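Colleague: My structure is stored as final.txt, with compact mmCIF, C-alpha atoms.
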# COMPACT_ATOMS: atom_id res chain seq x y z
CA MET A 1 -194.28 -125.70 22.11
CA SER A 2 -190.68 -125.64 20.93
CA ARG A 3 -189.03 -122.54 19.55
CA TRP A 4 -186.73 -122.41 16.57
CA PHE A 5 -183.34 -120.78 16.97
CA PRO A 6 -180.56 -120.44 14.39
CA HIS A 7 -177.07 -121.54 15.33
CA VAL A 8 -174.97 -118.37 15.61
CA THR A 9 -171.45 -119.02 14.35
CA VAL A 10 -168.32 -117.07 13.53
CA ALA A 11 -165.69 -117.77 10.89
CA ALA A 12 -162.15 -116.44 10.50
CA LEU A 13 -160.98 -115.68 6.98
CA VAL A 14 -157.20 -115.47 7.12
CA GLU A 15 -155.36 -114.78 3.86
CA ARG A 16 -151.61 -114.96 3.34
CA ASP A 17 -149.93 -114.67 -0.06
CA GLY A 18 -153.10 -115.68 -1.92
CA ARG A 19 -153.79 -118.68 0.32
CA PHE A 20 -156.54 -119.02 2.89
CA LEU A 21 -156.28 -120.71 6.26
CA LEU A 22 -158.73 -123.60 6.50
CA VAL A 23 -159.23 -126.61 8.67
CA GLU A 24 -159.66 -130.18 7.58
CA GLU A 25 -162.13 -131.74 10.00
CA HIS A 26 -164.16 -134.85 10.69
CA THR A 27 -167.92 -134.31 10.26
CA VAL A 28 -170.96 -136.59 10.09
CA ASP A 29 -170.58 -136.29 6.30
CA GLY A 30 -166.91 -137.29 6.31
CA VAL A 31 -163.74 -135.20 6.18
CA ARG A 32 -164.54 -131.64 5.13
CA LEU A 33 -162.82 -128.27 4.68
CA ASN A 34 -164.00 -125.18 6.53
CA GLN A 35 -162.75 -121.83 7.68
CA PRO A 36 -161.81 -121.88 11.35
CA ALA A 37 -165.31 -121.50 12.71
CA GLY A 38 -167.57 -122.30 15.59
CA HIS A 39 -170.42 -121.29 17.82
CA LEU A 40 -170.77 -118.08 19.74
CA GLU A 41 -170.56 -118.76 23.47
CA GLN A 42 -172.62 -117.04 26.13
CA GLY A 43 -171.28 -113.59 27.08
CA GLU A 44 -168.79 -113.53 24.19
CA SER A 45 -168.60 -110.82 21.55
CA LEU A 46 -168.60 -111.97 17.93
CA PRO A 47 -164.99 -110.84 17.25
CA ASP A 48 -163.80 -112.48 20.49
CA ALA A 49 -165.48 -115.73 19.46
CA CYS A 50 -163.70 -115.54 16.11
CA VAL A 51 -160.30 -115.08 17.76
CA ARG A 52 -160.98 -117.99 20.14
CA GLU A 53 -162.16 -120.35 17.41
CA ALA A 54 -159.17 -119.58 15.17
CA LEU A 55 -156.78 -120.37 18.00
CA GLU A 56 -158.60 -123.54 19.07
CA GLU A 57 -158.87 -124.92 15.54
CA THR A 58 -155.61 -123.79 13.89
CA ALA A 59 -153.20 -122.76 16.69
CA HIS A 60 -153.02 -119.33 15.04
CA ARG A 61 -153.50 -116.19 17.12
CA VAL A 62 -155.41 -113.78 14.90
CA ALA A 63 -156.51 -110.17 14.96
CA VAL A 64 -159.94 -109.35 13.58
CA ASP A 65 -159.79 -106.49 11.06
CA SER A 66 -163.26 -106.27 9.55
CA LEU A 67 -166.55 -108.03 8.93
CA VAL A 68 -166.74 -109.72 5.52
CA GLY A 69 -170.42 -110.60 5.74
CA ILE A 70 -173.34 -112.17 7.54
CA TYR A 71 -174.65 -115.40 6.04
CA ASN A 72 -177.90 -117.27 6.66
CA TRP A 73 -177.82 -120.89 5.49
CA THR A 74 -180.02 -123.90 6.21
CA GLN A 75 -178.67 -127.41 5.78
CA PRO A 76 -180.31 -129.20 2.83
CA ASP A 77 -182.27 -131.52 5.14
CA GLY A 78 -183.70 -128.46 6.94
CA SER A 79 -182.47 -129.60 10.33
CA ILE A 80 -180.20 -126.68 11.22
CA THR A 81 -180.02 -123.06 10.16
CA TYR A 82 -176.74 -121.22 10.64
CA LEU A 83 -176.29 -117.48 11.01
CA ARG A 84 -172.57 -117.01 10.26
CA PHE A 85 -170.58 -113.87 10.89
CA ALA A 86 -167.39 -114.04 8.81
CA PHE A 87 -164.45 -111.84 9.70
CA ALA A 88 -161.31 -110.85 7.78
CA CYS A 89 -158.42 -111.60 10.11
CA ARG A 90 -154.65 -111.59 10.05
CA SER A 91 -152.44 -114.17 11.67
CA LEU A 92 -150.26 -112.71 14.41
CA SER A 93 -148.43 -115.87 15.42
CA GLU A 94 -148.72 -119.63 15.52
CA GLU A 95 -148.45 -121.76 18.65
CA ALA A 96 -146.48 -124.70 17.32
CA GLY A 97 -147.42 -127.96 19.01
CA ARG A 98 -150.74 -126.67 20.37
CA ALA A 99 -153.42 -129.37 20.44
CA LEU A 100 -156.31 -128.59 18.09
CA ASP A 101 -160.01 -128.98 18.88
CA GLU A 102 -161.47 -132.46 18.81
CA GLY A 103 -162.39 -133.41 15.26
CA ILE A 104 -159.86 -131.09 13.63
CA ILE A 105 -157.33 -133.05 11.60
CA ARG A 106 -155.08 -130.16 10.60
CA ALA A 107 -154.88 -126.58 9.43
CA VAL A 108 -154.15 -126.08 5.71
CA TRP A 109 -153.48 -123.09 3.45
CA LEU A 110 -155.34 -123.28 0.12
CA THR A 111 -155.84 -120.95 -2.82
CA ARG A 112 -159.26 -120.06 -4.23
CA GLU A 113 -158.51 -122.32 -7.20
CA GLU A 114 -157.73 -125.24 -4.90
CA LEU A 115 -161.04 -124.66 -3.11
CA LEU A 116 -162.89 -124.56 -6.43
CA ALA A 117 -161.30 -127.87 -7.40
CA GLN A 118 -162.60 -129.57 -4.24
CA GLN A 119 -166.02 -128.03 -3.72
CA GLU A 120 -167.47 -131.42 -2.79
CA ARG A 121 -165.20 -131.37 0.28
CA LEU A 122 -166.41 -128.00 1.58
CA ARG A 123 -168.38 -128.13 4.82
CA SER A 124 -170.98 -125.78 3.34
CA PRO A 125 -171.38 -123.41 0.40
CA LEU A 126 -170.53 -120.61 2.82
CA VAL A 127 -166.84 -121.55 2.77
CA LEU A 128 -166.37 -120.55 -0.86
CA GLN A 129 -168.86 -117.67 -0.69
CA VAL A 130 -166.91 -116.01 2.13
CA VAL A 131 -163.69 -116.29 0.10
CA GLU A 132 -165.42 -114.86 -2.98
CA ASP A 133 -166.85 -111.95 -0.97
CA TYR A 134 -163.45 -111.24 0.57
CA LEU A 135 -161.77 -111.27 -2.86
CA ALA A 136 -164.51 -108.93 -4.14
CA GLY A 137 -163.41 -106.44 -1.47
CA ARG A 138 -166.37 -106.75 0.86
CA ARG A 139 -165.31 -105.32 4.22
CA TYR A 140 -167.43 -103.68 6.87
CA PRO A 141 -166.12 -101.84 9.92
CA LEU A 142 -166.29 -103.69 13.21
CA ASP A 143 -168.24 -100.86 14.79
CA VAL A 144 -171.34 -102.04 12.92
CA ILE A 145 -171.48 -104.72 15.62
CA ARG A 146 -172.62 -103.65 19.06
CA HIS A 147 -172.09 -105.95 22.04
CA TYR A 148 -174.09 -105.45 25.23
CA GLU A 149 -174.09 -107.68 28.28
Before we go any further, please render this structure as structure tokens.

Modeller:
Amino acid sequence: MSRWFPHVTVAALVERDGRFLLVEEHTVDGVRLNQPAGHLEQGESLPDACVREALEETAHRVAVDSLVGIYNWTQPDGSITYLRFAFACRSLSEEAGRALDEGIIRAVWLTREELLAQQERLRSPLVLQVVEDYLAGRRYPLDVIRHYE
């Protein structure tokens, strides 16, 4: 008997001057926009995973400031359920020339309005929802997350 498990992911929401750091990436559905995001790895804390994914996908070193929200979303075909932890982060520096993860085309800075204008290109509805929640002021302290090994 097989067991069902959600895919635990993290996402970095980085805002600078009204623009949000996103990645343009190749997916099975074509080129899509997403926050820097990825899967939690064994032994990793959620904030550490967020920092790692942001660096790997955008070449930006980030600091995690707060939790924006926890999102549960199932792909329309029902094949995968994601449990996403989205974090408000700030960019500390950029490693110019750093190779990005396989499948990542480039990092881009877009406004909310630019995201609204290209909703069909978003990897999931979570991309815009995280931005909306951030703009609504949703922030939770990091100490709501406990990491035990």

Colleague: Measuring atom to atom with all atoms listed in the file, identify which of A:Arg112, A:Arg123, A:Arg84, A:Arg19 is nearest to Leu67 of chain A.

Modeller: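 Closest candidate: A:Arg84.
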
Colleague: What's the 9 Å shell around segment 42-44 of chain A, counting all atoms listed in the file, without same-chain residues fewer than 3 positions away, as a PyMOL selection string?

Modeller: chain A and resi 47-49+147-149

Colleague: Emit the selected residues as a PDB file, in the frame of the given file, including C-alpha atoms.

Modeller:
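Produced file out.pdb, reproduced below:
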ATOM      1  CA  PRO A  47    -164.990-110.840  17.250  1.00  0.00           C
ATOM      2  CA  ASP A  48    -163.800-112.480  20.490  1.00  0.00           C
ATOM      3  CA  ALA A  49    -165.480-115.730  19.460  1.00  0.00           C
ATOM      4  CA  HIS A 147    -172.090-105.950  22.040  1.00  0.00           C
ATOM      5  CA  TYR A 148    -174.090-105.450  25.230  1.00  0.00           C
ATOM      6  CA  GLU A 149    -174.090-107.680  28.280  1.00  0.00           C
TER       7      GLU A 149
END

Colleague: Expressed in Å to a single decimal, how great is the separation between atom CA of Thr74 of chain A and atom CA of Leu142 of chain A?

Modeller: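 Taking atom CA of Thr74 of chain A and atom CA of Leu142 of chain A, their separation equals 25.4 Å.
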
Colleague: Can you pull out every residue within 7 Å of segment 24-40 of chain A, counting only C-alpha atoms, but drop anything in the same chain fewer than 6 positions away, and send it as a PyMOL selection string?

Modeller: chain A and resi 8-13+46+49+53-54+57-58+103-107+121-123+127

Colleague: Just write the chosen residues, C-alpha atoms, as a JSON list (two decimals), in the frame of the given file.

Modeller:
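Contents of the output file out.json:
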[["chain", "number", "residue", "atom", "x", "y", "z"],
["A", 8, "VAL", "CA", -174.97, -118.37, 15.61],
["A", 9, "THR", "CA", -171.45, -119.02, 14.35],
["A", 10, "VAL", "CA", -168.32, -117.07, 13.53],
["A", 11, "ALA", "CA", -165.69, -117.77, 10.89],
["A", 12, "ALA", "CA", -162.15, -116.44, 10.50],
["A", 13, "LEU", "CA", -160.98, -115.68, 6.98],
["A", 46, "LEU", "CA", -168.60, -111.97, 17.93],
["A", 49, "ALA", "CA", -165.48, -115.73, 19.46],
["A", 53, "GLU", "CA", -162.16, -120.35, 17.41],
["A", 54, "ALA", "CA", -159.17, -119.58, 15.17],
["A", 57, "GLU", "CA", -158.87, -124.92, 15.54],
["A", 58, "THR", "CA", -155.61, -123.79, 13.89],
["A", 103, "GLY", "CA", -162.39, -133.41, 15.26],
["A", 104, "ILE", "CA", -159.86, -131.09, 13.63],
["A", 105, "ILE", "CA", -157.33, -133.05, 11.60],
["A", 106, "ARG", "CA", -155.08, -130.16, 10.60],
["A", 107, "ALA", "CA", -154.88, -126.58, 9.43],
["A", 121, "ARG", "CA", -165.20, -131.37, 0.28],
["A", 122, "LEU", "CA", -166.41, -128.00, 1.58],
["A", 123, "ARG", "CA", -168.38, -128.13, 4.82],
["A", 127, "VAL", "CA", -166.84, -121.55, 2.77]]

Colleague: Between A:Val64, A:Ala59, A:Ile80, A:Cys50, which one has atoms that come closest to Phe5 of chain A, using only C-alpha atoms?

Modeller: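 Counting only C-alpha atoms, the residue closest to Phe5 of chain A is A:Ile80.
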
Colleague: In Å, rounded to a single decimal, give me how far atom CA of Glu132 of chain A is from atom CA of Ala86 of chain A.

Modeller: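 One can read the atom CA of Ala86 of chain A to atom CA of Glu132 of chain A distance as 12.0 Å.
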
Colleague: A:Asp143, A:Asp77, A:Glu114, A:Glu94: which is nearest Phe20 of chain A, counting only C-alpha atoms?

Modeller: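 For Phe20 of chain A, the nearest of the candidates is A:Glu114.
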
Colleague: Take atom CA of Arg3 of chain A and atom CA of Gly78 of chain A and report the distance between them in Å, one decimal.

Modeller: 14.9 Å

Colleague: Nearest to Gly137 of chain A among A:Leu100, A:Leu115, A:Leu110, A:Val68, with distances taken over all atoms listed in the file: which residue is it?

Modeller: A:Val68

Colleague: Compare A:Leu83, A:Leu126, A:Val62, A:Ala117 by their minimum atom-to-atom distance to Glu15 of chain A, counting only C-alpha atoms, and give me the closest one.

Modeller: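 Among the listed residues, A:Val62 lies closest to Glu15 of chain A.
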
Colleague: Is it possible to get the axis-aligned box enclosing segment 35-40 of chain A (all listed atoms, 3 Å extra per side) as lines of an AutoDock Vina configuration file, with centre and edge lengths in Å rounded to one decimal?

Modeller:
center_x = -166.3
center_y = -120.2
center_z = 13.7
size_x = 15.0
size_y = 10.2
size_z = 18.1

Colleague: Using all atoms listed in the file, determine which residues lie at most 7 Å from Thr81 of chain A, disregarding the query and same-chain residues fewer than 6 positions distant; provide the list as a list in words.

Modeller: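 Once the adjacent positions are removed, what remains is Pro6, His7, Trp73, Thr74 and Gln75 of chain A.
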
Colleague: Which of these residues is nearest to Arg139 of chain A, using all atoms listed in the file: A:Arg16, A:Phe87, A:Trp4, A:Leu55?

Modeller: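 Among A:Arg16, A:Phe87, A:Trp4, A:Leu55, it is A:Phe87 that comes nearest to Arg139 of chain A.
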
Colleague: Mind checking which residues fall within 6 Å of Leu21 of chain A, counting all atoms listed in the file, ignoring those fewer than 2 positions away in the same chain, and posting them as a list in words?

Modeller: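 Residues meeting the cut-off are Val14, Val108 and Trp109 of chain A.
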